[in-house]
Amino acid sequence: MWAITTVELKKQLQDKGIWFWTFILPIIFIVGFIAIFSGMNEMEPEQLVTQIVPGYIIMFSFFIMISMVVTFLKARDSGMVARVASTPLPLERFLIGKWLPFFIIVILQIVVLLLFGVIVYDLPLGDPVALTVISFMLAFLSTSWGMAMSLLVKTENMGIALTQVIALGGAVLGGLWMPLEIMPNTMQLIAKFLPQYWALEGFQTILQDDGHVIDIGLSLLILLGFSLVGCVISFVSYPHFLRQSRS
């Protein structure tokens, strides 16, 4: 398992595309949208920063699913999945070994973007323990969904399209781009059924209200529930994924 993780992590970190989606583009969006909304003078500077920085951290954490889809489909089409299935390596260790590098990358993404917010915009971090827990839960959510999608879709284009729907659609409906208070009541209701909304609630409770782990308990439970759904889908879908693999 650890050999798979190490090889996959090195491969991903050498990919220039993942650096763009994971670090460069989120920073461009954060800087651009803070500049736009600062000119409108509708929000206090601290409120603006604690809305946009965690909002785009959450949105772009889901873009890791593109890299996961590409990686899993290449392993399927190259026959590697079939070869691994013929070895004594258990299913769960193979999946964890392929999943863990992406989890690590999302954690790095969150750390880099939070540090960018602190250095450039004086973003308050609040309780470090609570911030660490919500960050790990967000990484678990996005990568568990990424693994489920990787085992379900048939083509890379389908995976990319679905990632955009989940990331961008969830950002709009989940209140990541603008405060839900200024959105219609219907959209405010829809947002509460999306994990993006609860992730943002957790981050803002820590950053704005100096909340602790106990204060974000509901957000953590909901994010954990959505993450476990992704894990269950992954394990249920793996036999079909294996049958599609070239022998």
# chains A, B, ... in the order shown; residues from 1 in each chain; ligands from 1
call {"tool": "residues_around", "arguments": {"residues": "region 211-215 of chain A", "least_positions_apart": "6", "cutoff": "10 Å", "atoms": "only C-alpha atoms", "output": "JSON, numbers by chain"}}
result
{"A": [126, 127, 128, 129, 130, 131, 132, 133, 134, 202, 203, 204, 205]}
call {"tool": "residues_around", "arguments": {"residues": "Phe72 (chain A)", "least_positions_apart": "5", "cutoff": "12 Å", "atoms": "only C-alpha atoms", "output": "VMD selection string"}}
result
chain A and resid 8 65 to 67 77 to 81 94 to 95 97 to 99 102 146 to 156 159 234 238 241 to 242 244 to 245
call {"tool": "atom_distance", "arguments": {"atom1": "CA of Leu113 (chain A)", "atom2": "CA of Trp21 (chain A)"}}
result
12.4 Å
call {"tool": "select_by_dssp", "arguments": {"residues": "region 25-245 of chain A", "states": "alpha helix (DSSP H)", "output": "PyMOL selection string"}}
result
chain A and resi 25-40+45-61+64-77+80-85+91-121+128-152+156-164+170-173+185-191+195-207+217-244
call {"tool": "closest_residue", "arguments": {"among": "A:Met187, A:Leu108, A:Leu218, A:Met59", "to": "Ala167 (chain A)", "atoms": "only C-alpha atoms"}}
result
A:Met59
call {"tool": "atom_distance", "arguments": {"atom1": "CA of Glu181 (chain A)", "atom2": "CA of Val49 (chain A)"}}
result
16.3 Å
call {"tool": "residues_around", "arguments": {"residues": "region 24-31 of chain A", "least_positions_apart": "4", "cutoff": "7 Å", "atoms": "only C-alpha atoms", "output": "MDAnalysis selection string"}}
result
chainID A and resid 19:20 35 52:53 56 60
call {"tool": "write_last_selection", "arguments": {"atoms": "C-alpha atoms", "output": "tab-separated table (two decimals), in the first residue's frame"}}
result
chain	number	residue	atom	x	y	z
A	19	TRP	CA	-0.16	22.67	-9.47
A	20	PHE	CA	-2.28	25.01	-11.60
A	35	ALA	CA	-10.72	43.06	-5.25
A	52	ILE	CA	-14.02	34.36	0.11
A	53	VAL	CA	-10.83	32.61	1.28
A	56	TYR	CA	-12.62	29.15	-2.63
A	60	PHE	CA	-11.15	24.18	-5.43
